[in-house]
Each structure stands twice: as structure tokens, then as C-alpha cells.
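Data block below; observations after.
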Amino acid sequence: MKSLFEIKNLNMHYPVTDGLLGNIKGYVYALNNVNLNIYENEILGLVGESGSGKSTLGNCILKLINPTSGEVIFYGEDITKKTKKELKDFRSKAQLIFQNPYMSLDPRMKIYDLLKEPFIINKVSDKKTTDETIKKIINLIGMDEEVLSRYPHEFSGGQRQRIAIARAIILNPKFIVADEPVSALDVSIQAQIVNLLLKLKEKFNLTMLFISHDLSIIKYISDRVAVMYLGEITEIAEKEEFFKNHKHPYSQALLNAVPVINEDKTKKIILSGDIPSPQNPPTGCKFHTRCPYVMEKCKTKQPDFYEVSQDHKVRCFLCEN
């Protein structure tokens, strides 16, 4: 498979300052040496608890924030080295769908103007072509053209998210970061939005990073699954392989949190406590403070990625042999 993105040794460390003087007293280690490939025309599901670094990774890939170090290779070019002016072409090829549809649409703008704005910014096509594209996209997301003259406050959360998706795909991008796009919606609406994303993925040959904490949605929409914990990828595998043969204790704990009828509760791993602070992460394996299988070396030594099978890698000493 051909990689659309190659993420190499990516770090994002936010400085923590004190008082009025602004002296740096520490760092928040949001991403730590992340290495990841995202293949063309796939949906990579990224899962983990809140605070694990999922959204930070998505924002670094799009260079909405500048990583501390590392590379994000897109079509052979490192976008972390590009200037704001040089990023303009990249912005039309890589888009973001935000989590909260109530905050992502400007309440002062009509829907037509919201969808027209990307064309103005990128200086593409004439008015006739723009109008035809807007009407085509609004129909494609399952809405009527009459919505174009209305304002965001006149729509429900699900309708707003459809409009946000329309805005993200209107320039026919190659890549989408969907940052928990259904978590703020009613359960009855979530399936409609997920199915819409799958439909658009096929129609436009999109590659997608789908961020979520809901493994049932990840299982439905993804081709591969990557698990994040405290700024690190702990396991990555093809979807079927992951759900049948996951190896990392953290992956097991996340799956145990999904309700299953007639499950065997004797084998469940229940996480105790909250995720450690990224400002003061544990030494060694970051998961050792909550792991039921912790060994002495886990407390001091960082495990490598071990290959369980083809395209299935796990960062855990339990898979060392």
C-alpha cells in the first residue's frame, strides 16, 4: 500500500510557564516520538482516552499547530517545514471536521457563504462553477438547496455537522481528519453521519484519520486501528486483526469498556485511576502504573514495537518473544 502520510519521530511538547515573568517551569508531553503511516484511500481509526493526544496528533498532521520536532511527509514533502504561504496548496488537499458542530460554523454567515468561503480563500473557479459545486455538495450530504439562505442556528446538531462535512469536502481534498465528529450528537444521528462519511470516502477516494473514543464506531468505519496512550502509539493493526487478536493490556481494557451481552467478566481488565498527567509522565512504559501485568523492567525501560504478525505491532514487553 502507498503511504499518503509518513509521520516520523513526531513530538509535541507544550511549555508550561509560571506567573507574570513567563519562565518555563516544565513541559506538557502531548506527543512522544510518534511514528505512523497513513495509507491512501484508507480510514485509520485512532482511539484512546481523553488526554491521550489524539486531537494533538490530528492538528500536527494538518499543521494547525507546529510540532516541537519530527516530520510529517505528504507526497514526499515535509509539511512541518513549509511556511504559511507554502501551506496554502496543502490546505486545499487536507481538511478537518471538528467535534462540535455548534462551534465550528460562524453564526453570522449564511450556509451559502460558509460553503463559498473556501473558494474565495483559494481563489478557485468562477461564480457559476462555485454555485454549481455548492448545490451539488449540499444535495450530496442529503439536504435541500433552500438551506443555503439560512443561518447555522436554524439547524439541529446533525444538520450542522452535515454542513461542516460539506465545507470540508467542497474543494475535493485528498485527506480528512475527522476529530470525534459524532461524539456531540444523539446516538440516533451518529449512524447517519458515519454512513455519510463512508459514502463520501468512496465517492471522492478520500483518505481519513477518524479520531474517536468509541470502539464500536471505530470497528464499523475503520480499515486499520491505532491505539494511543499518553502521547504514544501502543498498538496498530488491521481492523479484523485488532478486534480478534489485540495484545496490549490497554487495548484489552478499552475493549472491556464496550458493553457486551453474556460476556465473561472473569477475564476483564478494569482500568483504575485516571490517565497520568502528560506534564509528569511515568518512566519506562507509560502504561505501567495502571497495567495488571506490570513487570519490574516496565517501570524503567521503554518497550520497543514488537511485530505480532504482518501489519500488527504492539509496544509491550508481553510481546517481546
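Quick note on naming: the chains in the C-alpha cells go A, B, ... in the order shown, residues restart at 1 in each chain, and ligands are numbered from 1 in order of appearance.
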
Item to complete: Would you list the contacts of Lys54 (chain A) as a list of chain:residue names, taking every protein, DNA or RNA residue within 9 Å and counting only C-alpha atoms, but skipping same-chain residues closer than 6 positions in sequence?
Response: A:Leu31, A:Leu46, A:Val47, A:Gly48, A:Asp179, A:Ile211, A:Ser212, A:Met228, A:Tyr229, A:Gly231

Item to complete: Excluding region 4-10 of chain A and residues on its chain fewer than 3 positions from it, collect all residues at most 6 Å away from it, counting only C-alpha atoms, and give them as a PyMOL selection string.
Response: chain A and resi 33-40+69-74

Just write the chosen residues, C-alpha atoms, as a compact mmCIF listing (two decimals), in the first residue's frame.
# COMPACT_ATOMS: atom_id res chain seq x y z
CA ASN A 33 8.16 10.04 19.24
CA VAL A 34 5.09 9.09 17.19
CA ASN A 35 5.81 7.06 14.05
CA LEU A 36 2.85 6.28 11.82
CA ASN A 37 1.94 5.70 8.18
CA ILE A 38 -1.47 6.60 6.79
CA TYR A 39 -2.16 4.77 3.53
CA GLU A 40 -4.02 6.13 0.51
CA SER A 69 10.18 18.14 16.33
CA GLY A 70 9.72 15.38 13.78
CA GLU A 71 8.48 15.09 10.23
CA VAL A 72 5.07 14.88 8.55
CA ILE A 73 5.73 13.75 4.97
CA PHE A 74 2.88 14.38 2.50

Discussion item. Need the shell around Pro107 (chain A): protein/DNA/RNA residues with any atom at most 12 Å away, counting only C-alpha atoms. Skip same-chain ones fewer than 3 positions apart. Format as a PyMOL selection string?
Written reply: chain A and resi 101-104+110-111+113-114+150-155+160

Discussion item. Would you pick out the contacts of Thr133 (chain A) at 10 Å or less, using only C-alpha atoms, so that residues sharing its chain but fewer than 6 positions from it are not included, and give the list as number ranges by chain?
Written reply: A: 115-116, 125, 127, 139, 170-171

If you keep N, CA and C atoms, can you produce a file of those selected residues as a compact mmCIF listing (two decimals), in the first residue's frame?
# COMPACT_ATOMS: atom_id res chain seq x y z
N LEU A 115 -20.02 27.91 2.66
CA LEU A 115 -19.52 26.96 1.67
C LEU A 115 -18.75 27.66 0.54
N LYS A 116 -19.02 28.93 0.34
CA LYS A 116 -18.33 29.69 -0.69
C LYS A 116 -16.94 30.15 -0.22
N SER A 125 -12.03 28.75 -9.31
CA SER A 125 -13.26 28.72 -10.11
C SER A 125 -14.03 30.04 -10.12
N LYS A 127 -17.91 32.20 -10.45
CA LYS A 127 -19.14 32.17 -9.65
C LYS A 127 -20.08 31.06 -10.10
N ASN A 139 -26.68 18.77 -1.91
CA ASN A 139 -27.55 17.64 -2.23
C ASN A 139 -26.89 16.32 -1.86
N ILE A 170 -15.63 20.31 0.02
CA ILE A 170 -16.08 21.06 -1.15
C ILE A 170 -14.96 21.34 -2.15
N LEU A 171 -13.71 21.35 -1.70
CA LEU A 171 -12.58 21.55 -2.61
C LEU A 171 -11.97 20.23 -3.06

Worksheet item: Out of region 1-201 of chain A, which residues get strand (DSSP E) from DSSP, as a VMD selection string?
Response: chain A and resid 3 to 18 23 to 39 43 to 47 69 to 74 77 to 78 94 to 97 175 to 179

Those same residues, written as an mmCIF file, in the first residue's frame with C-alpha atoms?
data_model
loop_
_atom_site.group_PDB
_atom_site.id
_atom_site.type_symbol
_atom_site.label_atom_id
_atom_site.label_comp_id
_atom_site.auth_asym_id
_atom_site.auth_seq_id
_atom_site.Cartn_x
_atom_site.Cartn_y
_atom_site.Cartn_z
ATOM 1 C CA SER A 3 1.520 5.941 2.093
ATOM 2 C CA LEU A 4 -0.212 9.311 1.835
ATOM 3 C CA PHE A 5 1.373 10.462 5.110
ATOM 4 C CA GLU A 6 4.572 9.299 6.761
ATOM 5 C CA ILE A 7 4.843 10.596 10.312
ATOM 6 C CA LYS A 8 8.347 10.248 11.697
ATOM 7 C CA ASN A 9 9.506 10.806 15.297
ATOM 8 C CA LEU A 10 6.804 13.414 15.907
ATOM 9 C CA ASN A 11 6.939 15.260 19.231
ATOM 10 C CA MET A 12 4.695 17.975 20.654
ATOM 11 C CA HIS A 13 5.846 19.403 23.975
ATOM 12 C CA TYR A 14 3.948 22.449 25.259
ATOM 13 C CA PRO A 15 5.962 24.718 27.583
ATOM 14 C CA VAL A 16 4.406 25.431 30.996
ATOM 15 C CA THR A 17 5.202 28.923 32.288
ATOM 16 C CA ASP A 18 4.871 30.467 35.717
ATOM 17 C CA ASN A 23 9.644 31.442 32.914
ATOM 18 C CA ILE A 24 9.364 27.869 31.627
ATOM 19 C CA LYS A 25 8.968 25.511 34.567
ATOM 20 C CA GLY A 26 8.188 22.347 32.647
ATOM 21 C CA TYR A 27 6.515 20.820 29.618
ATOM 22 C CA VAL A 28 3.318 19.001 28.741
ATOM 23 C CA TYR A 29 4.431 15.983 26.709
ATOM 24 C CA ALA A 30 1.422 15.696 24.390
ATOM 25 C CA LEU A 31 3.140 13.585 21.695
ATOM 26 C CA ASN A 32 6.240 11.468 22.169
ATOM 27 C CA ASN A 33 8.161 10.045 19.236
ATOM 28 C CA VAL A 34 5.092 9.093 17.189
ATOM 29 C CA ASN A 35 5.809 7.059 14.048
ATOM 30 C CA LEU A 36 2.849 6.279 11.824
ATOM 31 C CA ASN A 37 1.943 5.699 8.179
ATOM 32 C CA ILE A 38 -1.473 6.595 6.792
ATOM 33 C CA TYR A 39 -2.163 4.774 3.535
ATOM 34 C CA ILE A 43 -9.743 5.084 7.112
ATOM 35 C CA LEU A 44 -7.356 4.843 10.031
ATOM 36 C CA GLY A 45 -9.228 4.761 13.331
ATOM 37 C CA LEU A 46 -7.357 6.456 16.197
ATOM 38 C CA VAL A 47 -8.671 5.530 19.642
ATOM 39 C CA SER A 69 10.183 18.138 16.326
ATOM 40 C CA GLY A 70 9.719 15.377 13.784
ATOM 41 C CA GLU A 71 8.476 15.088 10.226
ATOM 42 C CA VAL A 72 5.070 14.878 8.549
ATOM 43 C CA ILE A 73 5.728 13.747 4.970
ATOM 44 C CA PHE A 74 2.883 14.380 2.498
ATOM 45 C CA GLU A 77 7.354 16.851 1.220
ATOM 46 C CA ASP A 78 7.718 17.625 4.930
ATOM 47 C CA ALA A 94 -6.189 18.253 3.720
ATOM 48 C CA GLN A 95 -9.203 19.310 5.780
ATOM 49 C CA LEU A 96 -10.594 18.964 9.298
ATOM 50 C CA ILE A 97 -14.072 18.071 10.542
ATOM 51 C CA PHE A 175 -7.282 13.756 3.223
ATOM 52 C CA ILE A 176 -9.696 14.405 6.094
ATOM 53 C CA VAL A 177 -9.099 14.462 9.837
ATOM 54 C CA ALA A 178 -12.454 13.672 11.475
ATOM 55 C CA ASP A 179 -11.939 14.652 15.117
#
